[in-house]
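Okay, work_9.cif is below, mmCIF, C-alpha atoms and all ligand atoms:
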```
data_query
loop_
_atom_site.group_PDB
_atom_site.id
_atom_site.type_symbol
_atom_site.label_atom_id
_atom_site.label_comp_id
_atom_site.auth_asym_id
_atom_site.auth_seq_id
_atom_site.Cartn_x
_atom_site.Cartn_y
_atom_site.Cartn_z
ATOM 1 C CA MET A 1188 -27.767 9.299 32.762
ATOM 2 C CA PHE A 1189 -24.215 10.589 33.139
ATOM 3 C CA PHE A 1190 -22.759 7.534 31.370
ATOM 4 C CA ALA A 1191 -25.215 7.817 28.488
ATOM 5 C CA ILE A 1192 -24.204 11.446 27.843
ATOM 6 C CA LEU A 1193 -20.500 10.646 28.245
ATOM 7 C CA LEU A 1194 -20.867 7.825 25.704
ATOM 8 C CA TRP A 1195 -22.592 10.079 23.158
ATOM 9 C CA ILE A 1196 -20.035 12.861 23.544
ATOM 10 C CA THR A 1197 -17.134 10.375 23.157
ATOM 11 C CA ALA A 1198 -18.710 8.788 20.079
ATOM 12 C CA PHE A 1199 -19.228 12.148 18.348
ATOM 13 C CA ALA A 1200 -15.714 13.323 19.301
ATOM 14 C CA VAL A 1201 -14.213 10.183 17.713
ATOM 15 C CA ALA A 1202 -16.303 10.649 14.538
ATOM 16 C CA ALA A 1203 -15.372 14.346 14.356
ATOM 17 C CA GLY A 1204 -11.666 13.349 14.327
ATOM 18 C CA PHE A 1205 -12.231 11.705 10.928
ATOM 19 C CA PHE A 1206 -14.194 14.631 9.518
ATOM 20 C CA VAL A 1207 -11.506 17.161 10.442
ATOM 21 C CA LYS A 1208 -8.985 15.128 8.331
ATOM 22 C CA ARG A 1209 -6.016 16.626 10.104
ATOM 23 C CA TRP A 1210 -4.043 13.385 10.017
ATOM 24 C CA TRP A 1211 -4.607 11.901 6.620
ATOM 25 C CA PHE A 1212 -2.883 10.067 3.757
ATOM 26 C CA PRO A 1213 -0.555 11.960 1.427
ATOM 27 C CA PRO A 1214 -2.243 12.851 -1.917
ATOM 28 C CA PRO A 1215 -2.549 9.893 -4.331
ATOM 29 C CA ILE A 1216 -0.440 9.845 -7.528
ATOM 30 C CA SER A 1217 -2.060 7.070 -9.537
ATOM 31 C CA ARG A 1218 -5.482 6.104 -10.846
ATOM 32 C CA HIS A 1219 -5.503 3.023 -8.621
ATOM 33 C CA ALA A 1220 -4.557 5.055 -5.566
ATOM 34 C CA MET A 1221 -7.522 7.364 -6.198
ATOM 35 C CA ALA A 1222 -9.834 4.365 -6.570
ATOM 36 C CA PHE A 1223 -8.498 2.960 -3.282
ATOM 37 C CA ASP A 1224 -9.199 6.301 -1.603
ATOM 38 C CA SER A 1225 -12.805 6.425 -2.749
ATOM 39 C CA LEU A 1226 -13.341 2.820 -1.595
ATOM 40 C CA PHE A 1227 -11.753 3.709 1.724
ATOM 41 C CA ALA A 1228 -14.000 6.782 2.067
ATOM 42 C CA ALA A 1229 -17.124 4.721 1.289
ATOM 43 C CA ASN A 1230 -16.118 2.123 3.894
ATOM 44 C CA LEU A 1231 -15.354 4.807 6.433
ATOM 45 C CA ILE A 1232 -18.723 6.530 5.915
ATOM 46 C CA ALA A 1233 -20.647 3.239 6.162
ATOM 47 C CA GLY A 1234 -18.648 2.186 9.236
ATOM 48 C CA GLY A 1235 -19.023 5.657 10.783
ATOM 49 C CA ILE A 1236 -22.809 5.706 10.376
ATOM 50 C CA ILE A 1237 -23.115 2.233 11.930
ATOM 51 C CA PHE A 1238 -20.733 3.173 14.739
ATOM 52 C CA LEU A 1239 -22.722 6.308 15.622
ATOM 53 C CA ALA A 1240 -26.057 4.501 15.374
ATOM 54 C CA VAL A 1241 -24.864 1.738 17.723
ATOM 55 C CA GLN A 1242 -23.427 4.192 20.256
ATOM 56 C CA LEU A 1243 -26.603 6.313 20.186
ATOM 57 C CA ALA A 1244 -28.712 3.183 20.729
ATOM 58 C CA LEU A 1245 -26.430 1.995 23.526
ATOM 59 C CA GLY A 1246 -26.661 5.406 25.239
ATOM 60 C CA PHE A 1247 -30.443 5.312 24.839
ATOM 61 C CA VAL A 1248 -30.648 1.881 26.477
ATOM 62 C CA ILE A 1249 -28.428 3.024 29.354
ATOM 63 C CA PHE A 1250 -30.660 6.077 29.815
ATOM 64 C CA ARG A 1251 -34.020 4.328 29.371
ATOM 65 C CA TYR A 1252 -33.311 1.403 31.700
ATOM 66 C CA ARG A 1253 -31.357 3.251 34.361
ATOM 67 C CA ASP A 1254 -31.921 2.320 38.008
ATOM 68 C CA ARG A 1255 -34.962 4.150 39.364
ATOM 69 C CA GLY A 1256 -35.595 1.765 42.202
ATOM 70 C CA GLN A 1257 -37.849 -0.485 40.069
ATOM 71 C CA ARG A 1258 -37.764 -4.301 40.022
ATOM 72 C CA ALA A 1259 -35.220 -5.753 37.655
ATOM 73 C CA THR A 1260 -36.602 -7.491 34.528
ATOM 74 C CA PHE A 1261 -34.882 -9.242 31.653
ATOM 75 C CA SER A 1262 -35.448 -9.936 27.985
ATOM 76 C CA THR A 1263 -34.792 -13.189 26.126
ATOM 77 C CA GLY A 1264 -34.001 -11.303 22.912
ATOM 78 C CA SER A 1265 -35.639 -11.433 19.504
ATOM 79 C CA THR A 1266 -34.788 -14.073 16.924
ATOM 80 C CA ARG A 1267 -36.363 -11.968 14.166
ATOM 81 C CA LEU A 1268 -34.221 -8.972 15.009
ATOM 82 C CA GLU A 1269 -31.097 -11.160 15.105
ATOM 83 C CA ILE A 1270 -31.860 -12.598 11.672
ATOM 84 C CA ILE A 1271 -32.392 -9.106 10.252
ATOM 85 C CA LEU A 1272 -29.139 -7.758 11.744
ATOM 86 C CA ILE A 1273 -27.042 -10.739 10.629
ATOM 87 C CA SER A 1274 -28.523 -10.557 7.108
ATOM 88 C CA LEU A 1275 -27.798 -6.840 6.856
ATOM 89 C CA THR A 1276 -24.207 -7.434 8.023
ATOM 90 C CA ALA A 1277 -23.770 -10.205 5.448
ATOM 91 C CA ILE A 1278 -25.101 -7.974 2.666
ATOM 92 C CA LEU A 1279 -22.767 -5.187 3.756
ATOM 93 C CA PHE A 1280 -19.674 -7.429 3.768
ATOM 94 C CA LEU A 1281 -20.497 -9.160 0.493
ATOM 95 C CA GLY A 1282 -21.176 -5.729 -1.034
ATOM 96 C CA ALA A 1283 -17.758 -4.552 0.141
ATOM 97 C CA VAL A 1284 -16.134 -7.613 -1.472
ATOM 98 C CA ALA A 1285 -18.000 -7.001 -4.746
ATOM 99 C CA ALA A 1286 -17.048 -3.324 -4.760
ATOM 100 C CA SER A 1287 -13.345 -3.911 -4.085
ATOM 101 C CA SER A 1288 -12.368 -7.166 -5.806
ATOM 102 C CA GLY A 1289 -12.246 -5.504 -9.243
ATOM 103 C CA LEU A 1290 -9.727 -2.958 -8.036
ATOM 104 C CA TRP A 1291 -7.675 -5.594 -6.204
ATOM 105 C CA SER A 1292 -7.370 -7.758 -9.303
ATOM 106 C CA ALA A 1293 -6.629 -4.688 -11.453
ATOM 107 C CA VAL A 1294 -3.636 -3.949 -9.209
ATOM 108 C CA HIS A 1295 -2.360 -7.469 -8.513
ATOM 109 C CA PHE A 1296 -3.512 -9.693 -11.364
ATOM 110 C CA THR A 1297 -3.264 -7.339 -14.321
ATOM 111 C CA SER A 1298 -1.756 -8.892 -17.405
ATOM 112 C CA MET A 1299 1.764 -7.726 -18.079
ATOM 113 C CA GLN A 1300 2.418 -6.132 -21.450
ATOM 114 C CA SER A 1301 5.642 -6.872 -23.261
ATOM 115 C CA SER A 1302 5.961 -3.154 -24.054
ATOM 116 C CA ASP A 1303 6.112 -2.259 -20.337
ATOM 117 C CA LEU A 1304 9.379 -0.931 -19.021
ATOM 118 C CA LYS A 1305 10.823 -3.616 -16.745
ATOM 119 C CA ILE A 1306 12.874 -2.758 -13.694
ATOM 120 C CA GLU A 1307 14.372 -5.380 -11.430
ATOM 121 C CA THR A 1308 13.792 -4.314 -7.846
ATOM 122 C CA ALA A 1309 15.935 -6.029 -5.248
ATOM 123 C CA GLY A 1310 15.675 -5.760 -1.500
ATOM 124 C CA LYS A 1311 18.235 -6.911 0.994
ATOM 125 C CA GLN A 1312 19.183 -6.124 4.553
ATOM 126 C CA PHE A 1313 18.985 -3.092 4.479
ATOM 127 C CA ALA A 1314 18.937 -1.436 1.094
ATOM 128 C CA TRP A 1315 17.106 -1.230 -2.204
ATOM 129 C CA SER A 1316 18.700 -1.667 -5.643
ATOM 130 C CA PHE A 1317 17.122 -1.177 -9.057
ATOM 131 C CA ARG A 1318 18.277 -2.554 -12.397
ATOM 132 C CA TYR A 1319 17.267 -1.338 -15.872
ATOM 133 C CA PRO A 1320 17.962 -3.573 -18.883
ATOM 134 C CA GLY A 1321 19.887 -0.856 -20.758
ATOM 135 C CA PRO A 1322 19.719 -0.010 -24.503
ATOM 136 C CA ASP A 1323 19.498 -3.695 -25.602
ATOM 137 C CA GLY A 1324 16.284 -4.136 -23.574
ATOM 138 C CA LYS A 1325 17.621 -7.369 -22.043
ATOM 139 C CA PHE A 1326 18.668 -8.134 -18.512
ATOM 140 C CA GLY A 1327 22.043 -9.809 -18.318
ATOM 141 C CA LYS A 1328 22.852 -12.895 -16.257
ATOM 142 C CA THR A 1329 23.557 -12.549 -12.566
ATOM 143 C CA ASP A 1330 25.746 -14.602 -10.278
ATOM 144 C CA VAL A 1331 25.195 -14.446 -6.559
ATOM 145 C CA ARG A 1332 28.953 -14.928 -5.946
ATOM 146 C CA LEU A 1333 29.727 -11.696 -7.785
ATOM 147 C CA ILE A 1334 27.427 -9.479 -5.696
ATOM 148 C CA ASN A 1335 29.604 -6.682 -4.385
ATOM 149 C CA ASP A 1336 28.091 -3.426 -3.190
ATOM 150 C CA ALA A 1337 31.422 -1.745 -2.565
ATOM 151 C CA ALA A 1338 32.434 -2.383 -6.186
ATOM 152 C CA GLY A 1339 29.104 -1.049 -7.488
ATOM 153 C CA ASN A 1340 27.770 -4.458 -8.496
ATOM 154 C CA PRO A 1341 24.745 -5.035 -6.235
ATOM 155 C CA PHE A 1342 23.202 -7.576 -8.657
ATOM 156 C CA GLY A 1343 26.315 -9.685 -9.346
ATOM 157 C CA ILE A 1344 26.510 -9.061 -13.111
ATOM 158 C CA PRO A 1345 29.522 -10.842 -14.675
ATOM 159 C CA ASP A 1346 31.951 -8.680 -16.672
ATOM 160 C CA ASP A 1347 31.953 -10.998 -19.677
ATOM 161 C CA ASP A 1348 28.172 -11.094 -20.287
ATOM 162 C CA ALA A 1349 27.230 -9.041 -23.352
ATOM 163 C CA ALA A 1350 23.575 -8.627 -22.328
ATOM 164 C CA GLY A 1351 24.587 -7.488 -18.850
ATOM 165 C CA LYS A 1352 27.254 -4.992 -19.850
ATOM 166 C CA ASP A 1353 24.760 -2.195 -20.517
ATOM 167 C CA ASP A 1354 22.499 -2.934 -17.514
ATOM 168 C CA ILE A 1355 22.065 0.078 -15.294
ATOM 169 C CA ALA A 1356 22.013 -0.337 -11.512
ATOM 170 C CA THR A 1357 20.773 2.498 -9.301
ATOM 171 C CA SER A 1358 19.857 3.047 -5.682
ATOM 172 C CA ALA A 1359 16.883 5.324 -6.453
ATOM 173 C CA LEU A 1360 13.921 4.225 -8.558
ATOM 174 C CA ARG A 1361 13.334 6.528 -11.527
ATOM 175 C CA ILE A 1362 10.211 5.976 -13.625
ATOM 176 C CA PRO A 1363 8.411 7.953 -16.342
ATOM 177 C CA ALA A 1364 5.097 9.609 -15.431
ATOM 178 C CA GLY A 1365 1.980 8.274 -17.141
ATOM 179 C CA ARG A 1366 3.536 5.006 -18.375
ATOM 180 C CA PRO A 1367 3.042 1.551 -16.897
ATOM 181 C CA VAL A 1368 6.145 0.045 -15.341
ATOM 182 C CA GLN A 1369 6.772 -3.554 -14.295
ATOM 183 C CA LEU A 1370 8.769 -3.966 -11.134
ATOM 184 C CA LEU A 1371 10.251 -7.438 -10.836
ATOM 185 C CA LEU A 1372 10.605 -7.865 -7.106
ATOM 186 C CA HIS A 1373 13.408 -10.017 -5.700
ATOM 187 C CA SER A 1374 14.735 -10.485 -2.211
ATOM 188 C CA HIS A 1375 18.369 -11.405 -1.609
ATOM 189 C CA ASP A 1376 17.818 -12.611 1.941
ATOM 190 C CA VAL A 1377 14.641 -12.320 4.032
ATOM 191 C CA LEU A 1378 11.097 -11.018 3.519
ATOM 192 C CA HIS A 1379 10.902 -7.322 2.632
ATOM 193 C CA ASN A 1380 8.016 -5.204 1.426
ATOM 194 C CA PHE A 1381 7.860 -2.590 -1.298
ATOM 195 C CA PHE A 1382 5.641 0.250 -0.092
ATOM 196 C CA VAL A 1383 4.963 3.680 -1.545
ATOM 197 C CA ARG A 1384 2.244 5.524 0.351
ATOM 198 C CA GLU A 1385 1.269 7.756 -2.570
ATOM 199 C CA LEU A 1386 0.680 4.693 -4.786
ATOM 200 C CA ARG A 1387 -1.295 2.959 -1.997
ATOM 201 C CA VAL A 1388 0.610 -0.187 -2.962
ATOM 202 C CA LYS A 1389 2.286 -2.735 -0.728
ATOM 203 C CA GLN A 1390 3.879 -5.914 -2.005
ATOM 204 C CA ASP A 1391 6.056 -8.470 -0.252
ATOM 205 C CA LEU A 1392 9.440 -9.488 -1.652
ATOM 206 C CA VAL A 1393 9.881 -13.218 -1.069
ATOM 207 C CA PRO A 1394 13.289 -14.929 -1.247
ATOM 208 C CA GLY A 1395 13.490 -17.333 -4.182
ATOM 209 C CA MET A 1396 10.581 -15.754 -6.046
ATOM 210 C CA GLU A 1397 10.210 -13.134 -8.742
ATOM 211 C CA ILE A 1398 7.044 -11.169 -8.058
ATOM 212 C CA PRO A 1399 5.939 -8.775 -10.787
ATOM 213 C CA LEU A 1400 4.161 -5.595 -9.728
ATOM 214 C CA ARG A 1401 2.696 -3.261 -12.323
ATOM 215 C CA ILE A 1402 2.520 0.371 -11.317
ATOM 216 C CA GLN A 1403 1.802 3.635 -13.057
ATOM 217 C CA ALA A 1404 2.408 6.996 -11.432
ATOM 218 C CA ASP A 1405 0.784 9.991 -13.086
ATOM 219 C CA LYS A 1406 2.178 12.813 -10.975
ATOM 220 C CA THR A 1407 5.842 13.787 -11.118
ATOM 221 C CA GLY A 1408 7.724 14.208 -7.860
ATOM 222 C CA GLU A 1409 9.767 12.370 -5.242
ATOM 223 C CA TYR A 1410 8.179 9.841 -2.925
ATOM 224 C CA GLU A 1411 9.576 7.624 -0.203
ATOM 225 C CA ILE A 1412 9.980 3.888 -0.732
ATOM 226 C CA ALA A 1413 9.891 2.320 2.705
ATOM 227 C CA CYS A 1414 10.450 -1.329 3.536
ATOM 228 C CA SER A 1415 7.221 -2.315 5.212
ATOM 229 C CA GLU A 1416 8.149 -5.751 6.519
ATOM 230 C CA LEU A 1417 10.176 -5.974 9.718
ATOM 231 C CA CYS A 1418 13.364 -7.459 8.267
ATOM 232 C CA GLY A 1419 16.003 -7.101 10.957
ATOM 233 C CA LEU A 1420 17.795 -4.607 13.166
ATOM 234 C CA GLY A 1421 18.378 -2.096 10.375
ATOM 235 C CA HIS A 1422 14.786 -2.252 9.059
ATOM 236 C CA HIS A 1423 14.173 1.425 9.867
ATOM 237 C CA GLN A 1424 17.052 2.415 7.558
ATOM 238 C CA MET A 1425 15.762 0.474 4.601
ATOM 239 C CA ARG A 1426 14.379 3.223 2.450
ATOM 240 C CA SER A 1427 14.881 4.699 -0.968
ATOM 241 C CA VAL A 1428 13.174 7.219 -3.194
ATOM 242 C CA LEU A 1429 10.763 6.884 -6.108
ATOM 243 C CA ILE A 1430 11.426 9.656 -8.605
ATOM 244 C CA VAL A 1431 8.587 10.127 -11.086
ATOM 245 C CA MET A 1432 9.961 12.128 -14.015
ATOM 246 C CA PRO A 1433 8.270 13.671 -17.066
ATOM 247 C CA ALA A 1434 8.432 10.900 -19.708
ATOM 248 C CA ALA A 1435 10.762 12.789 -22.089
ATOM 249 C CA GLU A 1436 13.130 13.643 -19.259
ATOM 250 C CA PHE A 1437 13.152 10.006 -18.175
ATOM 251 C CA ASP A 1438 13.960 8.809 -21.710
ATOM 252 C CA ALA A 1439 16.866 11.247 -21.870
ATOM 253 C CA TRP A 1440 18.136 10.108 -18.475
ATOM 254 C CA LEU A 1441 17.937 6.409 -19.430
ATOM 255 C CA ALA A 1442 19.678 7.010 -22.778
ATOM 256 C CA GLN A 1443 22.450 8.921 -21.040
ATOM 257 C CA GLN A 1444 22.946 6.175 -18.445
ATOM 258 C CA GLY A 1445 23.106 3.628 -21.282
ATOM 259 C CA LYS A 1446 25.723 5.669 -23.129
ATOM 260 C CA ARG A 1447 27.910 5.944 -20.049
ATOM 261 C CA LYS A 1448 27.981 2.164 -19.896
ATOM 262 C CA GLN A 1449 29.157 1.679 -23.470
HETATM 263 CU CU CU A 1501 13.425 -4.775 4.651
#
```

Represent the structure of the file as structure tokens.
Amino acid sequence: MFFAILLWITAFAVAAGFFVKRWWFPPPISRHAMAFDSLFAANLIAGGIIFLAVQLALGFVIFRYRDRGQRATFSTGSTRLEIILISLTAILFLGAVAASSGLWSAVHFTSMQSSDLKIETAGKQFAWSFRYPGPDGKFGKTDVRLINDAAGNPFGIPDDDAAGKDDIATSALRIPAGRPVQLLLHSHDVLHNFFVRELRVKQDLVPGMEIPLRIQADKTGEYEIACSELCGLGHHQMRSVLIVMPAAEFDAWLAQQGKRKQ
């Protein structure tokens, strides 16, 4: 009796923790992030209802079959009930796949447009660097032997490359609000992970690969970029900032950076 009541109280206390929403995600800043949130809420509600139902039933069984000095009996179970429960679980999981795969492919397999602003995003132990193609719209060549952070050349752009001369390298990621942006993710050493909580996006950076990630932030502001793949002793320091600017302000900033280079 005591255990049944304790179980019910614990189950409701756990569920109440989610309803209070005291510890929750930061507000979303993109259409995809909002879609992720509503999927998450639907999953949480479905999971919460099942969780409470199971705990209530478990408490009931503890209460109903408690020891009252009677002879012990046992049940061999019910095949019909098992088939029903397994079928319902299968429907639930397949439904979750159907509901979420569209969003997943919209985020990860969306076709890149040539008009998108491209920004090379490089991770290395333990810093982020970003490269814009500059006024000519073309990324210059890079040479790994020329990489030199102290000299302000984190990408190893040769001095004599015309296309690279106007490239802009920064340590913070500035993007225009409301416009799609292609991040070309590169790692210079080990696995890293590009993660912005407000975008609800996480993508690994894999050495030797260029992984494109298309994002669009609709709300201006500053958001943390945290490396989300344990990449060494300084992993906790590997962070930068995503600055989402009003589009006109961003254009002015980019033009000014380009001019400084010429
Ligand atoms: Cu890292």

Give the answer as one residue: which of A:Gly1310, A:Pro1345, A:Pro1322, A:Gly1351 has the shortest atom-to-atom distance to ligand CU 1501 (chain A), using all atoms listed in the file? A:Gly1310

Under the rule of at most 12 Å, produce a per-residue listing of chain A near ligand CU 1501 (chain A): chain, number, name, the closest pair of atoms, and the distance in Å, as CSV, using only C-alpha atoms and all ligand atoms.
```
residue,atom,partner,partner_atom,distance
A:Ala1309,CA,A:CU1501,CU,10.3
A:Gly1310,CA,A:CU1501,CU,6.6
A:Lys1311,CA,A:CU1501,CU,6.4
A:Gln1312,CA,A:CU1501,CU,5.9
A:Phe1313,CA,A:CU1501,CU,5.8
A:Ala1314,CA,A:CU1501,CU,7.4
A:Trp1315,CA,A:CU1501,CU,8.6
A:Ser1316,CA,A:CU1501,CU,12.0
A:His1373,CA,A:CU1501,CU,11.6
A:Ser1374,CA,A:CU1501,CU,9.0
A:His1375,CA,A:CU1501,CU,10.4
A:Asp1376,CA,A:CU1501,CU,9.4
A:Val1377,CA,A:CU1501,CU,7.7
A:Leu1378,CA,A:CU1501,CU,6.8
A:His1379,CA,A:CU1501,CU,4.1
A:Asn1380,CA,A:CU1501,CU,6.3
A:Phe1381,CA,A:CU1501,CU,8.4
A:Phe1382,CA,A:CU1501,CU,10.4
A:Gln1390,CA,A:CU1501,CU,11.7
A:Asp1391,CA,A:CU1501,CU,9.6
A:Leu1392,CA,A:CU1501,CU,8.8
A:Val1393,CA,A:CU1501,CU,10.8
A:Pro1394,CA,A:CU1501,CU,11.7
A:Ile1412,CA,A:CU1501,CU,10.8
A:Ala1413,CA,A:CU1501,CU,8.2
A:Cys1414,CA,A:CU1501,CU,4.7
A:Ser1415,CA,A:CU1501,CU,6.7
A:Glu1416,CA,A:CU1501,CU,5.7
A:Leu1417,CA,A:CU1501,CU,6.1
A:Cys1418,CA,A:CU1501,CU,4.5
A:Gly1419,CA,A:CU1501,CU,7.2
A:Leu1420,CA,A:CU1501,CU,9.6
A:Gly1421,CA,A:CU1501,CU,8.0
A:His1422,CA,A:CU1501,CU,5.3
A:His1423,CA,A:CU1501,CU,8.1
A:Gln1424,CA,A:CU1501,CU,8.6
A:Met1425,CA,A:CU1501,CU,5.7
A:Arg1426,CA,A:CU1501,CU,8.4
A:Ser1427,CA,A:CU1501,CU,11.1
```

Each residue of range 1343-1432 of chain A lying at most 12 Å from range 1208-1216 of chain A should get a row with its shortest atom-to-atom pair and the distance in Å to one decimal, counting all atoms listed in the file; could you produce that, ordered by chain and increasing number, as a tab-separated table?
```
residue	atom	partner	partner_atom	distance
A:Ala1364	CA	A:Ile1216	CA	9.7
A:Gly1365	CA	A:Ile1216	CA	10.0
A:Val1383	CA	A:Pro1215	CA	10.1
A:Arg1384	CA	A:Pro1213	CA	7.1
A:Glu1385	CA	A:Pro1215	CA	4.7
A:Leu1386	CA	A:Ile1216	CA	5.9
A:Arg1387	CA	A:Pro1215	CA	7.4
A:Val1388	CA	A:Pro1215	CA	10.7
A:Ile1402	CA	A:Ile1216	CA	10.6
A:Gln1403	CA	A:Ile1216	CA	8.6
A:Ala1404	CA	A:Ile1216	CA	5.6
A:Asp1405	CA	A:Ile1216	CA	5.7
A:Lys1406	CA	A:Ile1216	CA	5.2
A:Thr1407	CA	A:Ile1216	CA	8.2
A:Gly1408	CA	A:Ile1216	CA	9.3
A:Glu1409	CA	A:Ile1216	CA	10.8
A:Tyr1410	CA	A:Ile1216	CA	9.8
A:Glu1411	CA	A:Pro1213	CA	11.1
A:Leu1429	CA	A:Ile1216	CA	11.7
A:Ile1430	CA	A:Ile1216	CA	11.9
A:Val1431	CA	A:Ile1216	CA	9.7
```

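Separating CA of Phe1250 in chain A from CA of Phe1190 in chain A is a distance of 8.2 Å.
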
Looking at all atoms listed in the file, which of A:Asp1323, A:Glu1307, A:Asp1224, A:Glu1397 is the one that sits closest to Ala1349 in chain A? A:Asp1323

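Separating CA of Ala1434 in chain A from CA of Thr1357 in chain A is a distance of 18.2 Å.
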
Atom-to-atom span, CA of Phe1223 in chain A and CA of Ala1285 in chain A, Å: 13.8 Å

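For the residues A:Phe1280, A:Phe1247, A:Phe1238, A:Phe1261, ranking by smallest atom-to-atom distance to Leu1193 in chain A using all atoms listed in the file places A:Phe1247 first.
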
Residues of range 1361-1428 of chain A at most 12 Å from range 1303-1306 of chain A: nearest atom pair and distance in Å, all atoms listed in the file, as a tab-separated table:
```
residue	atom	partner	partner_atom	distance
A:Arg1361	CA	A:Ile1306	CA	9.5
A:Ile1362	CA	A:Leu1304	CA	8.8
A:Pro1363	CA	A:Leu1304	CA	9.3
A:Ala1364	CA	A:Leu1304	CA	11.9
A:Gly1365	CA	A:Asp1303	CA	11.8
A:Arg1366	CA	A:Asp1303	CA	8.0
A:Pro1367	CA	A:Asp1303	CA	6.0
A:Val1368	CA	A:Leu1304	CA	5.0
A:Gln1369	CA	A:Lys1305	CA	4.7
A:Leu1370	CA	A:Ile1306	CA	5.0
A:Leu1371	CA	A:Ile1306	CA	6.1
A:Leu1372	CA	A:Ile1306	CA	8.6
A:His1373	CA	A:Ile1306	CA	10.8
A:Glu1397	CA	A:Ile1306	CA	11.8
A:Ile1398	CA	A:Ile1306	CA	11.7
A:Pro1399	CA	A:Lys1305	CA	9.3
A:Leu1400	CA	A:Lys1305	CA	9.9
A:Arg1401	CA	A:Asp1303	CA	8.8
A:Ile1402	CA	A:Asp1303	CA	10.1
A:Gln1403	CA	A:Asp1303	CA	10.3
```

Do you know which residues the PyMOL selection byres (((chain A and resi 1331) around 9) and not hetatm) returns on this file, as an MDAnalysis selection string? chainID A and resid 1329:1330 1332:1334 1342:1344 1375

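Using all atoms listed in the file, the nearest neighbour of Thr1276 in chain A within the list A:Ala1233, A:Ala1350, A:Ala1222, A:Gly1445 is A:Ala1233.
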
Top pick for closest residue to Asn1230 in chain A, considering A:Ala1337, A:Gly1282, A:Lys1352, A:Trp1440 and counting only C-alpha atoms: A:Gly1282
